[in-house]
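Student: I'd like to ask some things about the structure below.
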Protein chains: 2
Amino acid sequence: MSQPQIDSSNADRRSQILEAALVCFAKRGFHQTSMHDISGEAGISVGLIYRYFENKEAVISAMADRHKEEIQQMLERARQAPSLLESLEILFTAHCCENEPRLISAFVVDLYAEASRNPHVADLTRDVLETAMAGVRDLIARAPEGQNTGSNLTPDDVAELIFAVARGMLMLDVLRPHEMTAAERRMRQLEVTRRLWRLLFKPEGELTYA
Amino acid sequence: MSQPQIDSSNADRRSQILEAALVCFAKRGFHQTSMHDISGEAGISVGLIYRYFENKEAVISAMADRHKEEIQQMLERARQAPSLLESLEILFTAHCCENEPRLISAFVVDLYAEASRNPHVADLTRDVLETAMAGVRDLIARAPEGQNTGSNLTPDDVAELIFAVARGMLMLDVLRPHEMTAAERRMRQLEVTRRLWRLLFKPEGELTYA
DNA sequence: GGAAGATGAATGAACGTTCATTCATTGTCA
DNA sequence: TGACAATGAATGAACGTTCATTCATCTTCC
């Protein structure tokens with residue numbers, strides 16, 4: 001409506017605001033974060049936010065959009081990994097940022113909480129999830145390791161399980177003590193990833209009966 | 001402090017309020033729910049809530065406590081199931097209540113979101129999780145099916161995977177369309193449960209090499 | 001009568017949002 | 001080039017609203 005066009009000059013300001021919003025949202029949650037919090041974190045005035053976003057709701061939506069793009073970039077990196085295991089490792093540790101551990105986990109859990117009552121956010125989140133799952137399904141179908149899965153699971157079933165575990169571990173991440181470093185979180189994630197991988201794709205030449 | 005003793009007469013009122021709070025919290029989230037919303041849902045006055053809870057924070061904490069008790073009851077039911085698979089099925093479908101589907105899922109996702117920034121809620125949630133995981137670990141150790149797991153996973157590893165999948169599926173539940181019934185949600189959960197079970201415990205006499 | 005239960009109008013702080021105003025930058029014309 | 005006009009990004013005080021919390025008042029029951 002009254003928002004300016006999203007050209008390159010505006011894009012900077014927008015992402016500056018979104019960056020600040022991410023920090024605030026992760027720290028306090030969507031609805032406990034005030035517009036003043038965001039403006040303070042971004043080092044700008046409150047009013048300026050309204051030049052780039054129609055209202056607070058629009059900031060939340062834009063964050064969901066941004067999350068979608070980040071997931072797609074993550075998926076691209078996973079696609080280029082040399083092995084299926086390494087793809088999964090990228091998928092499972094994408095949220096363990098060196099600086100700011102827990103930040104993304106907290107944001108994503110909040111995003112799902114928001115999705116449970118905001119249909120627009122729910123649509124966006126579902127869309128992100130389905131795109132990502134399709135990507136992983138493809139990855140499995142293409143990879144040589146992906147062929148001989150234990151049990152008779154379809155690539156769909158396998159992708160669903162993988163994403164359930166990934167989401168579940170992300171949820172666990174917000175419960176972990178604040179003192180835990182990104183490296184430690186990462187290591188925990190990797191352990192689970194490798195266990196799941198062995199379970200799903202049994203690489204050591206083991207063969208299931210039939 | 002100024003709260004009355006929690007004797008049997010007060011307990012009724014308290015759970016009436018908590019019941020109403022669960023509905024409101026699931027519908028709008030902790031921080032978008034006003035005390036007036038809760039009093040309206042419970043059919044009592046605002047002021048009365050403050051006779052039974054010190055403040056809004058205390059209502060949230062009490063909800064977390066209640067959740068702990070419900071998880072423990074669920075675990076007790078799981079313990080009495082005749083097979084390990086059936087125990088897992090109880091564990092994975094506990095949130096699919098006949099009336100009010102999504103209600104518990106939305107609450108739990110919100111609980112984790114709250115835990116990410118409220119240390120008291122985080123401690124409570126961690127405690128619930130650890131108790132429940134210990135229970136399932138025991139269940140696995142006792143069950144005959146639990147002995148021959150695929151791969152060389154410890155009961156600890158298996159329990160961690162099971163809970164990750166359960167949490168992840170619960171998170172997915174809030175993304176499902178509102179139109180989906182409790183029975184449909186339940187069926188989806190059961191499919192995933194059985195797939196995971198087959199993967200973990202391979203019941204059909206199949207044996208992994210070595 | 002009085003103790004405990006229950007009410008809901010009142011309070012004040014905090015919030016999202018608006019908008020009159022400032023001012024550095026850019027464009028215009030001699 | 002220099003004087004002046006126009007722009008619109010940026011500010012932050014102010015507004016109307018909502019909310020958690022309080023408390024004077026009323027009801028109930030022994």
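Residue names in the structure tokens use chain letters A, B, ... in the order shown, residue numbers from 1 in each chain, and ligand numbers from 1 in the order shown.
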Can you check which residues of chain D have any atom within 9 Å of chain B? Use only C-alpha atoms (C1' of nucleotides) and format it as a count of residues only.
Tutor: 4
Student: Considering only C-alpha atoms (C1' of nucleotides), return as a list in words whatever protein or nucleic-acid residues lie within 8 Å of region 181-197 of chain A, sequence-local ones (same chain, fewer than 3 positions apart) excluded.
Tutor: Leu85, Leu88, Glu89, Phe92, Thr93, Cys96, Cys97, Glu98, Asn99, Glu100, Pro101, Ile162, Met169, Asp173, His178, Leu200, Phe201 and Lys202 of chain A; Leu153 and Leu161 of chain B
Student: What's the separation between CA of Leu129 (chain B) and CA of Arg77 (chain B), in Å to one decimal place?
Tutor: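 Distance between the two atoms: 16.6 Å.
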Student: At a cut-off of 9 Å, can you tabulate as CSV every residue of chain A near chain B together with its closest atom pair and the distance in Å to one decimal, using only C-alpha atoms and ordering rows by chain then number?
Tutor:
residue,atom,partner,partner_atom,distance
A:Ala26,CA,B:Arg117,CA,8.2
A:Lys27,CA,B:Arg117,CA,6.5
A:Arg28,CA,B:Arg117,CA,6.4
A:Gly29,CA,B:Ala113,CA,7.6
A:His31,CA,B:His31,CA,6.4
A:Gln32,CA,B:His31,CA,7.0
A:Arg102,CA,B:Ser116,CA,8.4
A:Ser105,CA,B:Ser116,CA,8.8
A:Ala106,CA,B:Ser116,CA,6.1
A:Phe107,CA,B:Ala113,CA,8.4
A:Val108,CA,B:Ala113,CA,8.9
A:Val109,CA,B:Ala113,CA,5.6
A:Asp110,CA,B:Ala113,CA,5.4
A:Tyr112,CA,B:Met171,CA,7.0
A:Ala113,CA,B:Asp110,CA,5.4
A:Glu114,CA,B:Gly29,CA,8.0
A:Ala115,CA,B:Leu175,CA,6.7
A:Ser116,CA,B:Val174,CA,5.0
A:Arg117,CA,B:Arg28,CA,6.5
A:Ala122,CA,B:Leu175,CA,6.0
A:Asp123,CA,B:Leu175,CA,8.1
A:Thr125,CA,B:Leu175,CA,7.6
A:Arg126,CA,B:Leu175,CA,6.4
A:Gly150,CA,B:Leu199,CA,7.1
A:Ser151,CA,B:Leu199,CA,6.5
A:Leu153,CA,B:Arg195,CA,7.7
A:Asp157,CA,B:Val192,CA,8.0
A:Glu160,CA,B:Val192,CA,8.4
A:Leu161,CA,B:Val165,CA,7.1
A:Ile162,CA,B:Val165,CA,8.5
A:Phe163,CA,B:Gly168,CA,7.4
A:Ala164,CA,B:Gly168,CA,4.2
A:Val165,CA,B:Val165,CA,4.7
A:Ala166,CA,B:Gly168,CA,7.1
A:Arg167,CA,B:Gly168,CA,4.7
A:Gly168,CA,B:Gly168,CA,4.0
A:Met169,CA,B:Ala164,CA,5.7
A:Leu170,CA,B:Gly168,CA,8.6
A:Met171,CA,B:Tyr112,CA,7.0
A:Leu172,CA,B:Ala164,CA,7.8
A:Asp173,CA,B:Ser116,CA,8.8
A:Val174,CA,B:Ser116,CA,5.0
A:Leu175,CA,B:Ala122,CA,6.0
A:Arg176,CA,B:Arg126,CA,8.3
A:Pro177,CA,B:Ala122,CA,8.9
A:Val192,CA,B:Leu161,CA,7.5
A:Arg195,CA,B:Leu153,CA,7.7
A:Leu196,CA,B:Leu161,CA,7.8
A:Arg198,CA,B:Ser151,CA,7.2
A:Leu199,CA,B:Ser151,CA,6.5
A:Leu200,CA,B:Leu199,CA,7.5
A:Lys202,CA,B:Ser151,CA,8.0
A:Gly205,CA,B:Tyr209,CA,8.8
A:Glu206,CA,B:Tyr209,CA,5.6
A:Leu207,CA,B:Thr208,CA,6.7
A:Thr208,CA,B:Thr208,CA,6.0
A:Tyr209,CA,B:Glu206,CA,5.6
A:Ala210,CA,B:Glu206,CA,8.5
Student: If you count only C-alpha atoms (C1' of nucleotides), which residues fall within 9 Å of region 5-11 of chain D, apart from same-chain ones fewer than 4 positions away, as a list of chain:residue names?
Tutor: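 The residues satisfying every condition are A:Ile44, A:Ser45, A:Val46, A:Gly47, A:Leu48, A:Arg51, C:DT21, C:DT22, C:DT25, C:DT26, C:DG27, C:DT28.
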Student: Mind writing the picked residues with N, CA, C and O atoms (P, O5', C5', C4', C3', O3' and C1' of nucleotides) as an mmCIF file, in the first residue's frame?
Tutor:
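Result file is out_1.cif:
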data_model
loop_
_atom_site.group_PDB
_atom_site.id
_atom_site.type_symbol
_atom_site.label_atom_id
_atom_site.label_comp_id
_atom_site.auth_asym_id
_atom_site.auth_seq_id
_atom_site.Cartn_x
_atom_site.Cartn_y
_atom_site.Cartn_z
ATOM 1 N N ILE A 44 17.552 2.867 14.912
ATOM 2 C CA ILE A 44 16.768 3.849 14.149
ATOM 3 C C ILE A 44 15.535 4.238 14.959
ATOM 4 O O ILE A 44 15.332 3.737 16.055
ATOM 5 N N SER A 45 14.738 5.113 14.411
ATOM 6 C CA SER A 45 13.547 5.540 15.135
ATOM 7 C C SER A 45 12.372 4.603 14.858
ATOM 8 O O SER A 45 12.376 3.876 13.865
ATOM 9 N N VAL A 46 11.390 4.633 15.730
ATOM 10 C CA VAL A 46 10.214 3.774 15.556
ATOM 11 C C VAL A 46 9.520 4.071 14.244
ATOM 12 O O VAL A 46 9.162 3.160 13.492
ATOM 13 N N GLY A 47 9.306 5.359 14.011
ATOM 14 C CA GLY A 47 8.537 5.768 12.834
ATOM 15 C C GLY A 47 9.100 5.235 11.542
ATOM 16 O O GLY A 47 8.354 4.917 10.610
ATOM 17 N N LEU A 48 10.407 5.125 11.502
ATOM 18 C CA LEU A 48 11.052 4.694 10.257
ATOM 19 C C LEU A 48 10.653 3.273 9.876
ATOM 20 O O LEU A 48 10.560 2.956 8.687
ATOM 21 N N ARG A 51 7.869 3.147 7.602
ATOM 22 C CA ARG A 51 8.122 3.538 6.211
ATOM 23 C C ARG A 51 8.421 2.294 5.365
ATOM 24 O O ARG A 51 8.236 2.287 4.163
ATOM 25 P P DT C 21 4.102 21.431 12.797
ATOM 26 O "O5'" DT C 21 5.621 20.966 12.698
ATOM 27 C "C5'" DT C 21 6.251 20.464 13.867
ATOM 28 C "C4'" DT C 21 7.602 19.884 13.494
ATOM 29 C "C3'" DT C 21 8.490 20.801 12.632
ATOM 30 O "O3'" DT C 21 9.588 21.225 13.417
ATOM 31 C "C1'" DT C 21 8.583 18.536 11.937
ATOM 32 P P DT C 22 10.713 22.186 12.838
ATOM 33 O "O5'" DT C 22 11.921 21.205 12.521
ATOM 34 C "C5'" DT C 22 12.402 20.332 13.538
ATOM 35 C "C4'" DT C 22 13.469 19.438 12.946
ATOM 36 C "C3'" DT C 22 14.602 20.173 12.214
ATOM 37 O "O3'" DT C 22 15.834 19.659 12.693
ATOM 38 C "C1'" DT C 22 13.683 18.501 10.828
ATOM 39 P P DT C 25 24.525 14.656 3.440
ATOM 40 O "O5'" DT C 25 23.639 14.621 2.118
ATOM 41 C "C5'" DT C 25 22.613 13.619 2.001
ATOM 42 C "C4'" DT C 25 21.765 13.921 0.788
ATOM 43 C "C3'" DT C 25 22.541 14.218 -0.502
ATOM 44 O "O3'" DT C 25 22.212 13.211 -1.452
ATOM 45 C "C1'" DT C 25 20.750 15.734 -0.192
ATOM 46 P P DT C 26 22.956 13.170 -2.903
ATOM 47 O "O5'" DT C 26 21.863 13.823 -3.850
ATOM 48 C "C5'" DT C 26 20.505 13.372 -3.819
ATOM 49 C "C4'" DT C 26 19.652 14.298 -4.657
ATOM 50 C "C3'" DT C 26 20.240 14.635 -6.036
ATOM 51 O "O3'" DT C 26 19.299 14.265 -7.040
ATOM 52 C "C1'" DT C 26 19.518 16.591 -4.913
ATOM 53 P P DG C 27 19.565 14.480 -8.570
ATOM 54 O "O5'" DG C 27 18.700 15.784 -8.882
ATOM 55 C "C5'" DG C 27 17.329 15.822 -8.503
ATOM 56 C "C4'" DG C 27 16.743 17.162 -8.880
ATOM 57 C "C3'" DG C 27 17.080 17.645 -10.289
ATOM 58 O "O3'" DG C 27 15.907 18.196 -10.868
ATOM 59 C "C1'" DG C 27 17.773 19.275 -8.696
ATOM 60 P P DT C 28 15.924 18.809 -12.384
ATOM 61 O "O5'" DT C 28 15.962 20.369 -12.082
ATOM 62 C "C5'" DT C 28 15.029 20.926 -11.149
ATOM 63 C "C4'" DT C 28 15.122 22.446 -11.199
ATOM 64 C "C3'" DT C 28 15.425 23.035 -12.582
ATOM 65 O "O3'" DT C 28 14.537 24.121 -12.815
ATOM 66 C "C1'" DT C 28 17.013 23.837 -11.012
#
Student: Can you tell me, as an MDAnalysis selection string, which residues in region 110-148 of chain A count as alpha helix (DSSP H) by DSSP?
Tutor: chainID A and resid 110:115 119:142
Student: Next, dump the selected residues to file, keeping only C-alpha atoms, as an mmCIF file, in the first residue's frame.
Tutor:
data_model
loop_
_atom_site.group_PDB
_atom_site.id
_atom_site.type_symbol
_atom_site.label_atom_id
_atom_site.label_comp_id
_atom_site.auth_asym_id
_atom_site.auth_seq_id
_atom_site.Cartn_x
_atom_site.Cartn_y
_atom_site.Cartn_z
ATOM 1 C CA ASP A 110 8.035 -19.120 17.628
ATOM 2 C CA LEU A 111 7.239 -19.235 13.934
ATOM 3 C CA TYR A 112 5.393 -22.531 14.348
ATOM 4 C CA ALA A 113 3.598 -21.182 17.412
ATOM 5 C CA GLU A 114 2.538 -18.199 15.348
ATOM 6 C CA ALA A 115 1.545 -20.456 12.459
ATOM 7 C CA PRO A 119 -3.233 -18.550 8.691
ATOM 8 C CA HIS A 120 -0.899 -16.452 6.562
ATOM 9 C CA VAL A 121 2.155 -17.522 8.546
ATOM 10 C CA ALA A 122 0.851 -21.104 8.516
ATOM 11 C CA ASP A 123 0.618 -21.082 4.707
ATOM 12 C CA LEU A 124 4.134 -19.710 4.402
ATOM 13 C CA THR A 125 5.569 -22.221 6.843
ATOM 14 C CA ARG A 126 3.801 -25.135 5.188
ATOM 15 C CA ASP A 127 5.146 -23.934 1.854
ATOM 16 C CA VAL A 128 8.709 -23.778 3.202
ATOM 17 C CA LEU A 129 8.371 -27.247 4.654
ATOM 18 C CA GLU A 130 6.940 -28.801 1.505
ATOM 19 C CA THR A 131 9.590 -27.247 -0.724
ATOM 20 C CA ALA A 132 12.351 -28.422 1.564
ATOM 21 C CA MET A 133 10.903 -31.917 1.830
ATOM 22 C CA ALA A 134 10.606 -32.195 -1.934
ATOM 23 C CA GLY A 135 14.246 -31.180 -2.166
ATOM 24 C CA VAL A 136 15.347 -33.856 0.265
ATOM 25 C CA ARG A 137 13.153 -36.464 -1.434
ATOM 26 C CA ASP A 138 14.998 -35.655 -4.646
ATOM 27 C CA LEU A 139 18.328 -35.806 -2.918
ATOM 28 C CA ILE A 140 17.545 -39.277 -1.653
ATOM 29 C CA ALA A 141 16.272 -40.465 -5.005
ATOM 30 C CA ARG A 142 19.441 -39.281 -6.745
#
Student: What are the residues of chain C that have an atom within 12 Å of an atom of chain B, counting only C-alpha atoms (C1' of nucleotides), as a PDB file with all heavy atoms, in the first residue's frame?
Tutor:
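Result saved to part-v8.pdb:
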ATOM      1  P    DA C   4     -11.659 -16.448  56.797  1.00  0.00           P
ATOM      2  OP1  DA C   4     -10.727 -17.449  57.349  1.00  0.00           O
ATOM      3  OP2  DA C   4     -11.219 -15.050  56.580  1.00  0.00           O
ATOM      4  O5'  DA C   4     -12.238 -17.008  55.424  1.00  0.00           O
ATOM      5  C5'  DA C   4     -13.237 -18.038  55.439  1.00  0.00           C
ATOM      6  C4'  DA C   4     -13.894 -18.084  54.077  1.00  0.00           C
ATOM      7  O4'  DA C   4     -14.846 -17.001  53.962  1.00  0.00           O
ATOM      8  C3'  DA C   4     -12.910 -17.923  52.916  1.00  0.00           C
ATOM      9  O3'  DA C   4     -13.251 -18.883  51.920  1.00  0.00           O
ATOM     10  C2'  DA C   4     -13.155 -16.485  52.440  1.00  0.00           C
ATOM     11  C1'  DA C   4     -14.646 -16.331  52.727  1.00  0.00           C
ATOM     12  N9   DA C   4     -15.092 -14.948  52.900  1.00  0.00           N
ATOM     13  C8   DA C   4     -14.449 -13.932  53.552  1.00  0.00           C
ATOM     14  N7   DA C   4     -15.102 -12.796  53.539  1.00  0.00           N
ATOM     15  C5   DA C   4     -16.262 -13.088  52.822  1.00  0.00           C
ATOM     16  C6   DA C   4     -17.375 -12.309  52.443  1.00  0.00           C
ATOM     17  N6   DA C   4     -17.499 -11.022  52.761  1.00  0.00           N
ATOM     18  N1   DA C   4     -18.347 -12.926  51.727  1.00  0.00           N
ATOM     19  C2   DA C   4     -18.204 -14.218  51.426  1.00  0.00           C
ATOM     20  N3   DA C   4     -17.203 -15.051  51.711  1.00  0.00           N
ATOM     21  C4   DA C   4     -16.261 -14.419  52.418  1.00  0.00           C
ATOM     22  P    DG C   5     -12.562 -18.935  50.482  1.00  0.00           P
ATOM     23  OP1  DG C   5     -12.294 -20.339  50.156  1.00  0.00           O
ATOM     24  OP2  DG C   5     -11.491 -17.916  50.487  1.00  0.00           O
ATOM     25  O5'  DG C   5     -13.718 -18.418  49.526  1.00  0.00           O
ATOM     26  C5'  DG C   5     -14.990 -19.057  49.598  1.00  0.00           C
ATOM     27  C4'  DG C   5     -15.904 -18.464  48.538  1.00  0.00           C
ATOM     28  O4'  DG C   5     -16.276 -17.118  48.931  1.00  0.00           O
ATOM     29  C3'  DG C   5     -15.289 -18.350  47.146  1.00  0.00           C
ATOM     30  O3'  DG C   5     -16.291 -18.732  46.209  1.00  0.00           O
ATOM     31  C2'  DG C   5     -14.934 -16.879  47.018  1.00  0.00           C
ATOM     32  C1'  DG C   5     -16.005 -16.210  47.871  1.00  0.00           C
ATOM     33  N9   DG C   5     -15.629 -14.949  48.499  1.00  0.00           N
ATOM     34  C8   DG C   5     -14.508 -14.703  49.260  1.00  0.00           C
ATOM     35  N7   DG C   5     -14.461 -13.467  49.706  1.00  0.00           N
ATOM     36  C5   DG C   5     -15.616 -12.881  49.218  1.00  0.00           C
ATOM     37  C6   DG C   5     -16.109 -11.557  49.373  1.00  0.00           C
ATOM     38  O6   DG C   5     -15.604 -10.614  49.998  1.00  0.00           O
ATOM     39  N1   DG C   5     -17.329 -11.362  48.705  1.00  0.00           N
ATOM     40  C2   DG C   5     -17.974 -12.336  47.995  1.00  0.00           C
ATOM     41  N2   DG C   5     -19.125 -11.977  47.418  1.00  0.00           N
ATOM     42  N3   DG C   5     -17.524 -13.580  47.837  1.00  0.00           N
ATOM     43  C4   DG C   5     -16.348 -13.779  48.472  1.00  0.00           C
ATOM     44  P    DA C   6     -15.969 -18.817  44.656  1.00  0.00           P
ATOM     45  OP1  DA C   6     -16.926 -19.771  44.039  1.00  0.00           O
ATOM     46  OP2  DA C   6     -14.508 -18.998  44.520  1.00  0.00           O
ATOM     47  O5'  DA C   6     -16.330 -17.368  44.152  1.00  0.00           O
ATOM     48  C5'  DA C   6     -17.716 -16.965  44.139  1.00  0.00           C
ATOM     49  C4'  DA C   6     -17.801 -15.525  43.700  1.00  0.00           C
ATOM     50  O4'  DA C   6     -17.172 -14.682  44.677  1.00  0.00           O
ATOM     51  C3'  DA C   6     -17.108 -15.184  42.379  1.00  0.00           C
ATOM     52  O3'  DA C   6     -18.112 -14.977  41.401  1.00  0.00           O
ATOM     53  C2'  DA C   6     -16.309 -13.910  42.677  1.00  0.00           C
ATOM     54  C1'  DA C   6     -16.845 -13.468  44.024  1.00  0.00           C
ATOM     55  N9   DA C   6     -15.906 -12.753  44.885  1.00  0.00           N
ATOM     56  C8   DA C   6     -14.729 -13.223  45.405  1.00  0.00           C
ATOM     57  N7   DA C   6     -14.091 -12.345  46.163  1.00  0.00           N
ATOM     58  C5   DA C   6     -14.913 -11.225  46.132  1.00  0.00           C
ATOM     59  C6   DA C   6     -14.803  -9.946  46.732  1.00  0.00           C
ATOM     60  N6   DA C   6     -13.779  -9.589  47.511  1.00  0.00           N
ATOM     61  N1   DA C   6     -15.797  -9.061  46.498  1.00  0.00           N
ATOM     62  C2   DA C   6     -16.817  -9.423  45.712  1.00  0.00           C
ATOM     63  N3   DA C   6     -17.029 -10.599  45.101  1.00  0.00           N
ATOM     64  C4   DA C   6     -16.033 -11.457  45.347  1.00  0.00           C
ATOM     65  P    DT C   7     -17.688 -14.456  39.912  1.00  0.00           P
ATOM     66  OP1  DT C   7     -18.746 -14.925  38.997  1.00  0.00           O
ATOM     67  OP2  DT C   7     -16.271 -14.758  39.647  1.00  0.00           O
ATOM     68  O5'  DT C   7     -17.846 -12.886  40.072  1.00  0.00           O
ATOM     69  C5'  DT C   7     -19.127 -12.333  40.403  1.00  0.00           C
ATOM     70  C4'  DT C   7     -19.013 -10.832  40.526  1.00  0.00           C
ATOM     71  O4'  DT C   7     -18.050 -10.525  41.554  1.00  0.00           O
ATOM     72  C3'  DT C   7     -18.496 -10.139  39.270  1.00  0.00           C
ATOM     73  O3'  DT C   7     -19.560  -9.434  38.663  1.00  0.00           O
ATOM     74  C2'  DT C   7     -17.377  -9.200  39.762  1.00  0.00           C
ATOM     75  C1'  DT C   7     -17.517  -9.247  41.275  1.00  0.00           C
ATOM     76  N1   DT C   7     -16.235  -9.154  42.021  1.00  0.00           N
ATOM     77  C2   DT C   7     -15.949  -8.004  42.712  1.00  0.00           C
ATOM     78  O2   DT C   7     -16.684  -7.027  42.740  1.00  0.00           O
ATOM     79  N3   DT C   7     -14.744  -8.020  43.392  1.00  0.00           N
ATOM     80  C4   DT C   7     -13.829  -9.057  43.428  1.00  0.00           C
ATOM     81  O4   DT C   7     -12.792  -8.958  44.068  1.00  0.00           O
ATOM     82  C5   DT C   7     -14.191 -10.241  42.679  1.00  0.00           C
ATOM     83  C7   DT C   7     -13.270 -11.416  42.656  1.00  0.00           C
ATOM     84  C6   DT C   7     -15.359 -10.227  42.017  1.00  0.00           C
ATOM     85  P    DG C   8     -19.547  -9.293  37.056  1.00  0.00           P
ATOM     86  OP1  DG C   8     -20.948  -9.219  36.627  1.00  0.00           O
ATOM     87  OP2  DG C   8     -18.628 -10.273  36.460  1.00  0.00           O
ATOM     88  O5'  DG C   8     -18.884  -7.850  36.902  1.00  0.00           O
ATOM     89  C5'  DG C   8     -19.380  -6.757  37.673  1.00  0.00           C
ATOM     90  C4'  DG C   8     -18.390  -5.605  37.613  1.00  0.00           C
ATOM     91  O4'  DG C   8     -17.278  -5.911  38.490  1.00  0.00           O
ATOM     92  C3'  DG C   8     -17.745  -5.370  36.233  1.00  0.00           C
ATOM     93  O3'  DG C   8     -17.446  -3.994  36.109  1.00  0.00           O
ATOM     94  C2'  DG C   8     -16.441  -6.145  36.348  1.00  0.00           C
ATOM     95  C1'  DG C   8     -16.074  -5.768  37.761  1.00  0.00           C
ATOM     96  N9   DG C   8     -15.069  -6.596  38.393  1.00  0.00           N
ATOM     97  C8   DG C   8     -14.663  -7.860  38.039  1.00  0.00           C
ATOM     98  N7   DG C   8     -13.721  -8.331  38.817  1.00  0.00           N
ATOM     99  C5   DG C   8     -13.490  -7.325  39.729  1.00  0.00           C
ATOM    100  C6   DG C   8     -12.574  -7.247  40.803  1.00  0.00           C
ATOM    101  O6   DG C   8     -11.770  -8.098  41.181  1.00  0.00           O
ATOM    102  N1   DG C   8     -12.672  -6.024  41.481  1.00  0.00           N
ATOM    103  C2   DG C   8     -13.534  -5.023  41.148  1.00  0.00           C
ATOM    104  N2   DG C   8     -13.468  -3.937  41.906  1.00  0.00           N
ATOM    105  N3   DG C   8     -14.385  -5.074  40.148  1.00  0.00           N
ATOM    106  C4   DG C   8     -14.304  -6.245  39.489  1.00  0.00           C
ATOM    107  P    DA C   9     -18.201  -3.107  35.064  1.00  0.00           P
ATOM    108  OP1  DA C   9     -19.649  -3.368  35.186  1.00  0.00           O
ATOM    109  OP2  DA C   9     -17.497  -3.300  33.774  1.00  0.00           O
ATOM    110  O5'  DA C   9     -17.905  -1.634  35.596  1.00  0.00           O
ATOM    111  C5'  DA C   9     -18.427  -1.210  36.855  1.00  0.00           C
ATOM    112  C4'  DA C   9     -17.414  -0.321  37.578  1.00  0.00           C
ATOM    113  O4'  DA C   9     -16.322  -1.149  38.074  1.00  0.00           O
ATOM    114  C3'  DA C   9     -16.758   0.755  36.710  1.00  0.00           C
ATOM    115  O3'  DA C   9     -16.556   1.898  37.536  1.00  0.00           O
ATOM    116  C2'  DA C   9     -15.437   0.130  36.296  1.00  0.00           C
ATOM    117  C1'  DA C   9     -15.090  -0.720  37.521  1.00  0.00           C
ATOM    118  N9   DA C   9     -14.325  -1.937  37.249  1.00  0.00           N
ATOM    119  C8   DA C   9     -14.530  -2.851  36.242  1.00  0.00           C
ATOM    120  N7   DA C   9     -13.694  -3.866  36.271  1.00  0.00           N
ATOM    121  C5   DA C   9     -12.881  -3.603  37.362  1.00  0.00           C
ATOM    122  C6   DA C   9     -11.787  -4.314  37.922  1.00  0.00           C
ATOM    123  N6   DA C   9     -11.326  -5.458  37.441  1.00  0.00           N
ATOM    124  N1   DA C   9     -11.202  -3.770  39.015  1.00  0.00           N
ATOM    125  C2   DA C   9     -11.674  -2.614  39.497  1.00  0.00           C
ATOM    126  N3   DA C   9     -12.694  -1.870  39.061  1.00  0.00           N
ATOM    127  C4   DA C   9     -13.253  -2.420  37.979  1.00  0.00           C
TER     128       DA C   9
END
Student: Could you check which of B:Ala143, B:Leu91, B:Met74, B:Ile60 is closest to Leu22 (chain B), using only C-alpha atoms?
Tutor: B:Ile60
Student: To one decimal in Å, tell me the separation between CA of Asp65 (chain A) and CA of Arg14 (chain A).
Tutor: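 Distance reported for this atom pair: 12.4 Å.
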Student: Can you work out the spacing between CA of Glu41 (chain B) and CA of Glu179 (chain B) in Å, to one decimal?
Tutor: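 So the answer is 22.8 Å.
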Student: Show which residues sit within 12 Å of DA30 (chain C), as a ChimeraX atom specification. Count only C-alpha atoms (C1' of nucleotides), and ignore same-chain residues fewer than 5 positions away.
Tutor: /D:1-4
Student: Excluding DA14 (chain D) and residues on its chain fewer than 3 positions from it, collect all residues at most 12 Å away from it, counting only C-alpha atoms (C1' of nucleotides), and give them as a list of chain:residue names.
Tutor: C:DT17, C:DT18, C:DC19, C:DA20
Student: Print the selection's residues with N, CA and C atoms (P, O5', C5', C4', C3', O3' and C1' of nucleotides) to a file, as a PDB file, in the first residue's frame.
Tutor:
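Wrote result-v4.pdb, looks like this:
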ATOM      1  P    DT C  17       0.835  -1.872  14.393  1.00  0.00           P
ATOM      2  O5'  DT C  17       0.578  -0.311  14.288  1.00  0.00           O
ATOM      3  C5'  DT C  17      -0.709   0.203  14.665  1.00  0.00           C
ATOM      4  C4'  DT C  17      -0.687   1.710  14.614  1.00  0.00           C
ATOM      5  C3'  DT C  17      -0.111   2.321  13.332  1.00  0.00           C
ATOM      6  O3'  DT C  17      -1.151   3.012  12.662  1.00  0.00           O
ATOM      7  C1'  DT C  17       0.647   3.471  15.274  1.00  0.00           C
ATOM      8  P    DT C  18      -0.856   3.816  11.308  1.00  0.00           P
ATOM      9  O5'  DT C  18      -0.749   5.309  11.857  1.00  0.00           O
ATOM     10  C5'  DT C  18      -1.797   5.808  12.678  1.00  0.00           C
ATOM     11  C4'  DT C  18      -1.528   7.261  13.030  1.00  0.00           C
ATOM     12  C3'  DT C  18      -1.198   8.172  11.843  1.00  0.00           C
ATOM     13  O3'  DT C  18      -1.960   9.359  12.011  1.00  0.00           O
ATOM     14  C1'  DT C  18       0.495   8.351  13.481  1.00  0.00           C
ATOM     15  P    DC C  19      -2.271  10.311  10.777  1.00  0.00           P
ATOM     16  O5'  DC C  19      -1.296  11.543  11.082  1.00  0.00           O
ATOM     17  C5'  DC C  19      -1.174  12.029  12.420  1.00  0.00           C
ATOM     18  C4'  DC C  19      -0.028  13.024  12.489  1.00  0.00           C
ATOM     19  C3'  DC C  19       0.306  13.714  11.156  1.00  0.00           C
ATOM     20  O3'  DC C  19       0.685  15.039  11.425  1.00  0.00           O
ATOM     21  C1'  DC C  19       2.206  12.651  11.960  1.00  0.00           C
ATOM     22  P    DA C  20      -0.022  16.249  10.640  1.00  0.00           P
ATOM     23  O5'  DA C  20       0.658  17.535  11.287  1.00  0.00           O
ATOM     24  C5'  DA C  20       0.670  17.684  12.696  1.00  0.00           C
ATOM     25  C4'  DA C  20       2.054  18.112  13.174  1.00  0.00           C
ATOM     26  C3'  DA C  20       2.690  19.261  12.374  1.00  0.00           C
ATOM     27  O3'  DA C  20       3.363  20.099  13.299  1.00  0.00           O
ATOM     28  C1'  DA C  20       4.097  17.375  12.284  1.00  0.00           C
TER      29       DA C  20
END
